[in-house]
Amino acid sequence: MSDLNESQKRAATFEGKHLLVLAGAGTGKTKTIVARAAYLLENGMEPNKIAILSFTRKSAREIAERLKQSVTSSFNKNSITGKTFHSWCNEIMHQYPEHFPHHSFTPLDEDDRLSAFALAIGRNSKDRATEKIKKETIAAIYSYAVNTLCSLSEAILHILYTTSDKNDEQIKKRVEDDKQLIAPIIKKYIEYKKERRYIDYDDMLNVVAMVLERNESVRKEVTARYVHVLVDEMQDTNPLQYKLLKCFTERSHLFCVGDDAQSIYAFRGADFKTIHSFVATVPNSDLQKLELNYRSTQEILDLSNWVLQQSPLDYNKNLTADRGVGGKPKLIHIEDDWEEADTVTENILNSLNDGDTYSDSMVLGRSGWSLSKVEGACLKKKIPYIKLGGTSLIQSAHVRDVVAAMRIAANIYDEIAWIRYLQLWQHIGTVTAAKIISEIITLETFEQMMEKLQLSTIKGLSSEVTDTLKEVRAFINNPSKAMENAVTNMKELLEKKYSEEWSYRVADFEVLQEVAKGSGSITEFIMEYVLDPKAETTAKYGKETEDDVVTLSTIHSAKGLEAKTVHVLNVNPYNYPSARTIKQGTDAVEEERRCLYVALTRAKDHLHLYRFTRSLHTQSAVNKEEGTNLYFLNGLPQELVTLIVKGNEQEYYTGTTDTNLEDFDFPDFDFD
DNA sequence: AAGCTCTGCTTTTTT
DNA sequence: AGCAGAGCTT
């Protein structure tokens, strides 16, 4: 508490009912929310009566870690946890199972959800509907409607006709037509989930919000349980999450922190403008602001401020550094992504000579995929790193294979798991698997299913198929053993499937079995693991200590984090904003600008932006003029950065003060 | 007819 | 790295 400034302290010790803290990047948002929680705990509030919510697992964990460090040892630190909205809803469902029959359903992750859509659409998948609109699109429309509480028509309009005029009669007509195709498919998907006992990510929030809203007595009971609800990154709250929070405004105390300039989840239905109406819509609420930046040097903020100021939107943000001046951000020109990966890793190694540690460096990319070349360079140069936001262990094929067997044991109606599991065995492909499933899926017990399978004459169906399931099923309340058993039984076929890769993939199961020991049942393990895959894809090199590692992260996963040196990859035209984003229109472009802003404001001392010289003069799928005109670094004043070309510091372009692409005098190329 | 294997294509962002 | 499709095998 002692190291807080006046505004932070005022927020942390707030005595009113609800509070929204509007805080710019680096002004101590996390610090304040941690201080708030610590203050409540030290004044006698029980840890389990405080819900600390965030949007990513990473930042939820970060807050919990910092809170554990800041409270005195007299507390049971294990009961201090940070939650995502989803894991919180899961917790609520489990604490009140009688009100939430969905608590024992099988969670569908993103891939499963798409499979479920495909299956729900079903046999007549040659319908015009499925050809005309992809299942991914339908899933996106459905999810958008659920998350923003809007009608199907509005969701269709938003996803399919983003850039169109909403009052155009022709567009209205097309939306109506699309609706005729889409509505029945969504209906089938919902029915399908019910039948198979599936719950998707959106359902977790939706179910809890629905029950709390409709049932006054449950609401009383549940909201009395959470005296304080602390929400980080409030600007990313979508209407569904907002509806959930509103159920808590009668009895609980809300403490929310956020920054409209860092809103980067519009694709999930968040609207940063809702934060502006917080005080007006939540009774008994107050507003406080944090404005002084403690993280970065002024030069880093100057560049960040400048990027935001180029926006037609008025964010009214101008961060001032408490730390004063430091070094200028570097704009580093490289040839391509190979040179980029090489340069980034060289710079990291060089920083070690200045006494920095690996963990002082963070590498940020727009997508998980964009980090792969740097990841490769780290492996080559034996730089220890952790990758955030990439594919987690549970999404990797070999884990899904083994987990499929466990899922069947836990939920015999889990068709998606059946399909995957059956097809692992020799001579069983999509057709045979479907045939087998159609024979057993209507049976009522696991035993009946096994019996039927053993009597079945379908070829390819060996006794191993059923024996494995039976053995796994025996450990339904011991997920670690269940997994061990599944791996043993399926070892041969997995070895064959993954050939030489198997030797290192198999190591993942030891990690997972250890994690699974913390769960009391297969269902619980799967749910917890889908919501929080603890063993993210990490690689360690050299040292035993995992603590000192470079962080490779997507910008989204890096929100709320900071590092002494930040390397931002690929700050090219057609990438900030990207060609795809430009097609989606102004809102998407603005979101991407905020994305870049979030990336820049992670840096404490050094900020390196990497840019391909090649990108400055190549054609793209998008109209060239548009791509270059929208580029976020257009017109960048030379005094804001130091330009590095071929490792050498350069004067910015002589005779001009901006980086307008026309200044790069390269010949145009006409491929026609 | 169904399964298997090879090749080429495409990759936003999170729960 | 996964997926779809082509072409080959059982």
# chains A, B, ... in the order shown; residues from 1 in each chain; ligands from 1
call {"tool": "residues_around", "arguments": {"residues": "range 8-13 of chain B", "least_positions_apart": "2", "cutoff": "10 Å", "atoms": "only C-alpha atoms (C1' of nucleotides)", "output": "list in words"}}
result
Ile264, Tyr265, Ala266, Phe267, Arg268, Arg366, Ser367, Gly368, Trp369, Ser370, Gly389, Thr554, Ile555, His556, Ser557, Ser578, Arg580, Thr581, Glu592 and Cys595 of chain A; DC6 of chain B; DA1, DG2, DC3, DA4 and DG5 of chain C
call {"tool": "residues_around", "arguments": {"residues": "Glu195 in chain A", "least_positions_apart": "3", "cutoff": "12 Å", "atoms": "only C-alpha atoms (C1' of nucleotides)", "output": "ChimeraX atom specification"}}
result
/A:102,105-106,116,120,188-192,198-199,411-415,441-442
call {"tool": "write_last_selection", "arguments": {"atoms": "N, CA and C atoms", "output": "CSV table (one decimal), in the first residue's frame"}}
result
chain,number,residue,atom,x,y,z
A,102,HIS,N,-25.9,-28.0,-16.2
A,102,HIS,CA,-24.9,-28.1,-17.3
A,102,HIS,C,-23.5,-28.3,-16.7
A,105,PHE,N,-21.5,-31.2,-18.1
A,105,PHE,CA,-21.4,-31.4,-19.6
A,105,PHE,C,-20.0,-31.3,-20.0
A,106,THR,N,-19.8,-31.8,-21.2
A,106,THR,CA,-18.4,-31.8,-21.8
A,106,THR,C,-18.2,-30.5,-22.5
A,116,ALA,N,-18.9,-29.8,-34.0
A,116,ALA,CA,-20.3,-30.0,-33.6
A,116,ALA,C,-21.2,-29.3,-34.6
A,120,ALA,N,-24.0,-31.2,-36.6
A,120,ALA,CA,-25.4,-30.8,-36.4
A,120,ALA,C,-26.1,-30.5,-37.7
A,188,LYS,N,-30.4,-26.5,-35.0
A,188,LYS,CA,-29.9,-27.9,-34.9
A,188,LYS,C,-28.7,-28.0,-34.0
A,189,TYR,N,-27.8,-27.0,-34.1
A,189,TYR,CA,-26.6,-27.0,-33.3
A,189,TYR,C,-27.0,-27.0,-31.8
A,190,ILE,N,-28.0,-26.1,-31.5
A,190,ILE,CA,-28.4,-26.0,-30.1
A,190,ILE,C,-29.0,-27.3,-29.6
A,191,GLU,N,-29.9,-27.9,-30.4
A,191,GLU,CA,-30.5,-29.2,-30.1
A,191,GLU,C,-29.4,-30.2,-29.9
A,192,TYR,N,-28.4,-30.2,-30.8
A,192,TYR,CA,-27.4,-31.2,-30.8
A,192,TYR,C,-26.6,-31.1,-29.5
A,198,TYR,N,-23.2,-31.2,-24.4
A,198,TYR,CA,-22.0,-30.4,-24.7
A,198,TYR,C,-22.3,-29.0,-24.2
A,199,ILE,N,-21.3,-28.3,-23.8
A,199,ILE,CA,-21.4,-26.9,-23.4
A,199,ILE,C,-20.3,-26.1,-24.1
A,411,ASN,N,-18.3,-39.1,-20.9
A,411,ASN,CA,-19.6,-38.8,-21.5
A,411,ASN,C,-19.8,-39.6,-22.7
A,412,ILE,N,-20.6,-40.7,-22.5
A,412,ILE,CA,-20.8,-41.7,-23.6
A,412,ILE,C,-21.5,-41.1,-24.8
A,413,TYR,N,-22.1,-40.0,-24.7
A,413,TYR,CA,-22.7,-39.4,-25.9
A,413,TYR,C,-21.8,-38.4,-26.6
A,414,ASP,N,-20.6,-38.4,-26.2
A,414,ASP,CA,-19.6,-37.4,-26.8
A,414,ASP,C,-19.2,-37.9,-28.2
A,415,GLU,N,-20.1,-37.6,-29.2
A,415,GLU,CA,-19.9,-38.0,-30.6
A,415,GLU,C,-18.6,-37.6,-31.2
A,441,ILE,N,-25.2,-44.8,-30.3
A,441,ILE,CA,-25.3,-43.5,-29.7
A,441,ILE,C,-26.7,-43.4,-28.9
A,442,THR,N,-27.6,-44.2,-29.3
A,442,THR,CA,-28.9,-44.1,-28.6
A,442,THR,C,-29.0,-45.0,-27.4
call {"tool": "atom_distance", "arguments": {"atom1": "CA of Gly82 in chain A", "atom2": "CA of Ala64 in chain A"}}
result
5.0 Å
call {"tool": "select_by_dssp", "arguments": {"residues": "range 369-611 of chain A", "states": "alpha helix (DSSP H)", "output": "NGL selection string"}}
result
:A and (372-380 or 397-410 or 415-424 or 430-440 or 446-455 or 463-474 or 479-498 or 502-505 or 507-516 or 522-531 or 555-558 or 579-584 or 586-600)
call {"tool": "interface_residues", "arguments": {"of": "chain A", "to": "chain C", "cutoff": "10 Å", "atoms": "only C-alpha atoms (C1' of nucleotides)", "output": "PyMOL selection string"}}
result
chain A and resi 396-397+427
call {"tool": "residues_around", "arguments": {"residues": "range 608-612 of chain A", "least_positions_apart": "2", "cutoff": "9 Å", "atoms": "only C-alpha atoms (C1' of nucleotides)", "output": "PDB file with N, CA and C atoms, in the first residue's frame"}}
result
ATOM      1  N   PRO A 329      12.854   5.010 -29.340  1.00  0.00           N
ATOM      2  CA  PRO A 329      12.513   3.721 -29.958  1.00  0.00           C
ATOM      3  C   PRO A 329      13.293   3.557 -31.257  1.00  0.00           C
ATOM      4  N   LYS A 330      13.611   2.321 -31.590  1.00  0.00           N
ATOM      5  CA  LYS A 330      14.342   2.064 -32.829  1.00  0.00           C
ATOM      6  C   LYS A 330      13.427   1.450 -33.870  1.00  0.00           C
ATOM      7  N   LEU A 331      13.488   2.007 -35.060  1.00  0.00           N
ATOM      8  CA  LEU A 331      12.760   1.435 -36.187  1.00  0.00           C
ATOM      9  C   LEU A 331      13.805   0.721 -37.035  1.00  0.00           C
ATOM     10  N   ILE A 332      13.752  -0.591 -37.025  1.00  0.00           N
ATOM     11  CA  ILE A 332      14.827  -1.378 -37.626  1.00  0.00           C
ATOM     12  C   ILE A 332      14.378  -1.969 -38.955  1.00  0.00           C
ATOM     13  N   HIS A 333      15.084  -1.622 -39.990  1.00  0.00           N
ATOM     14  CA  HIS A 333      14.749  -2.151 -41.316  1.00  0.00           C
ATOM     15  C   HIS A 333      15.500  -3.446 -41.574  1.00  0.00           C
ATOM     16  N   ILE A 334      14.736  -4.480 -41.948  1.00  0.00           N
ATOM     17  CA  ILE A 334      15.365  -5.742 -42.294  1.00  0.00           C
ATOM     18  C   ILE A 334      14.773  -6.222 -43.610  1.00  0.00           C
ATOM     19  N   GLU A 335      15.376  -7.222 -44.169  1.00  0.00           N
ATOM     20  CA  GLU A 335      14.989  -7.667 -45.497  1.00  0.00           C
ATOM     21  C   GLU A 335      13.683  -8.474 -45.467  1.00  0.00           C
ATOM     22  N   ASP A 336      13.628  -9.471 -44.596  1.00  0.00           N
ATOM     23  CA  ASP A 336      12.459 -10.353 -44.546  1.00  0.00           C
ATOM     24  C   ASP A 336      12.338 -10.974 -43.157  1.00  0.00           C
ATOM     25  N   ASP A 337      11.412 -11.903 -43.006  1.00  0.00           N
ATOM     26  CA  ASP A 337      11.185 -12.452 -41.666  1.00  0.00           C
ATOM     27  C   ASP A 337      12.330 -13.333 -41.159  1.00  0.00           C
ATOM     28  N   GLU A 340      14.643 -10.872 -39.803  1.00  0.00           N
ATOM     29  CA  GLU A 340      13.986 -10.331 -38.611  1.00  0.00           C
ATOM     30  C   GLU A 340      14.236 -11.235 -37.408  1.00  0.00           C
ATOM     31  N   VAL A 344      16.359 -10.048 -34.206  1.00  0.00           N
ATOM     32  CA  VAL A 344      15.724  -9.999 -32.887  1.00  0.00           C
ATOM     33  C   VAL A 344      16.524 -10.830 -31.890  1.00  0.00           C
ATOM     34  N   THR A 565      12.714  -4.581 -22.473  1.00  0.00           N
ATOM     35  CA  THR A 565      12.876  -4.391 -23.913  1.00  0.00           C
ATOM     36  C   THR A 565      11.767  -5.121 -24.653  1.00  0.00           C
ATOM     37  N   VAL A 566      11.090  -4.417 -25.539  1.00  0.00           N
ATOM     38  CA  VAL A 566      10.032  -5.042 -26.324  1.00  0.00           C
ATOM     39  C   VAL A 566      10.379  -4.981 -27.805  1.00  0.00           C
ATOM     40  N   HIS A 567      10.293  -6.127 -28.462  1.00  0.00           N
ATOM     41  CA  HIS A 567      10.514  -6.208 -29.897  1.00  0.00           C
ATOM     42  C   HIS A 567       9.170  -6.435 -30.582  1.00  0.00           C
ATOM     43  N   VAL A 568       8.751  -5.514 -31.421  1.00  0.00           N
ATOM     44  CA  VAL A 568       7.484  -5.691 -32.131  1.00  0.00           C
ATOM     45  C   VAL A 568       7.784  -6.094 -33.570  1.00  0.00           C
ATOM     46  N   LEU A 569       7.295  -7.257 -33.957  1.00  0.00           N
ATOM     47  CA  LEU A 569       7.598  -7.810 -35.268  1.00  0.00           C
ATOM     48  C   LEU A 569       6.691  -7.230 -36.343  1.00  0.00           C
ATOM     49  N   ASN A 570       7.250  -7.184 -37.565  1.00  0.00           N
ATOM     50  CA  ASN A 570       6.368  -6.999 -38.708  1.00  0.00           C
ATOM     51  C   ASN A 570       5.568  -5.713 -38.766  1.00  0.00           C
ATOM     52  N   VAL A 571       6.171  -4.618 -38.364  1.00  0.00           N
ATOM     53  CA  VAL A 571       5.421  -3.360 -38.361  1.00  0.00           C
ATOM     54  C   VAL A 571       5.433  -2.781 -39.776  1.00  0.00           C
ATOM     55  N   ASN A 572       4.800  -3.521 -40.674  1.00  0.00           N
ATOM     56  CA  ASN A 572       4.825  -3.191 -42.095  1.00  0.00           C
ATOM     57  C   ASN A 572       3.505  -2.625 -42.571  1.00  0.00           C
ATOM     58  N   PRO A 573       3.571  -1.920 -43.711  1.00  0.00           N
ATOM     59  CA  PRO A 573       2.315  -1.616 -44.396  1.00  0.00           C
ATOM     60  C   PRO A 573       1.648  -2.942 -44.753  1.00  0.00           C
ATOM     61  N   LEU A 600       3.171  -1.256 -28.175  1.00  0.00           N
ATOM     62  CA  LEU A 600       4.189  -0.242 -27.903  1.00  0.00           C
ATOM     63  C   LEU A 600       4.283   0.090 -26.414  1.00  0.00           C
ATOM     64  N   HIS A 606      13.315  -0.034 -23.608  1.00  0.00           N
ATOM     65  CA  HIS A 606      13.709  -0.088 -25.016  1.00  0.00           C
ATOM     66  C   HIS A 606      12.577  -0.642 -25.859  1.00  0.00           C
ATOM     67  N   ARG A 614      11.318  -4.793 -47.919  1.00  0.00           N
ATOM     68  CA  ARG A 614      10.588  -5.370 -49.025  1.00  0.00           C
ATOM     69  C   ARG A 614       9.113  -4.940 -49.030  1.00  0.00           C
ATOM     70  N   SER A 615       8.542  -4.904 -47.843  1.00  0.00           N
ATOM     71  CA  SER A 615       7.114  -4.609 -47.743  1.00  0.00           C
ATOM     72  C   SER A 615       6.797  -3.189 -48.186  1.00  0.00           C
ATOM     73  N   LEU A 616       7.823  -2.367 -48.233  1.00  0.00           N
ATOM     74  CA  LEU A 616       7.583  -0.974 -48.553  1.00  0.00           C
ATOM     75  C   LEU A 616       7.386  -0.744 -50.041  1.00  0.00           C
TER      76      LEU A 616
END
call {"tool": "residues_around", "arguments": {"residues": "Gln584 in chain A", "least_positions_apart": "4", "cutoff": "7 Å", "atoms": "only C-alpha atoms (C1' of nucleotides)", "output": "PyMOL selection string"}}
result
chain A and resi 162-163+580+588
call {"tool": "write_last_selection", "arguments": {"atoms": "N, CA and C atoms", "output": "tab-separated table (two decimals), in the first residue's frame"}}
result
chain	number	residue	atom	x	y	z
A	162	THR	N	-20.31	-6.07	-42.91
A	162	THR	CA	-19.68	-5.06	-42.07
A	162	THR	C	-19.62	-3.69	-42.72
A	163	THR	N	-19.19	-3.69	-43.96
A	163	THR	CA	-18.92	-2.41	-44.58
A	163	THR	C	-20.10	-1.87	-45.38
A	580	ARG	N	-6.46	-7.88	-44.56
A	580	ARG	CA	-7.74	-8.43	-44.14
A	580	ARG	C	-8.56	-7.42	-43.34
A	588	ALA	N	-12.57	-2.09	-37.60
A	588	ALA	CA	-11.51	-3.10	-37.50
A	588	ALA	C	-10.14	-2.45	-37.58
call {"tool": "select_by_dssp", "arguments": {"residues": "range 256-477 of chain A", "states": "strand (DSSP E)", "output": "list in words"}}
result
Cys256, Val257, Gly258, Ser285, Asp286, Leu287, Gln288, Lys289, Leu290, Leu292, Asn293, Thr320, Ala321, Lys330, Leu331, Ile332, His333, Ile334, Ser361, Met362, Val363, Leu364, Gly365, Tyr385, Ile386, Lys387 and Leu388 of chain A
call {"tool": "decode", "arguments": {"residues": "chain C", "atoms": "C-alpha atoms (C1' of nucleotides)", "output": "PDB file, in the first residue's frame"}}
result
ATOM      1  C1'  DA C   1       0.579 -27.904 -38.483  1.00  0.00           C
ATOM      2  C1'  DG C   2      -3.672 -29.120 -39.931  1.00  0.00           C
ATOM      3  C1'  DC C   3      -6.865 -29.763 -43.783  1.00  0.00           C
ATOM      4  C1'  DA C   4      -8.693 -30.781 -48.249  1.00  0.00           C
ATOM      5  C1'  DG C   5      -8.369 -33.156 -52.363  1.00  0.00           C
ATOM      6  C1'  DA C   6      -6.186 -36.354 -55.625  1.00  0.00           C
ATOM      7  C1'  DG C   7      -4.854 -40.666 -56.540  1.00  0.00           C
ATOM      8  C1'  DC C   8      -3.637 -45.156 -55.022  1.00  0.00           C
ATOM      9  C1'  DT C   9      -4.445 -49.568 -52.270  1.00  0.00           C
ATOM     10  C1'  DT C  10      -7.243 -52.999 -49.888  1.00  0.00           C
TER      11       DT C  10
END
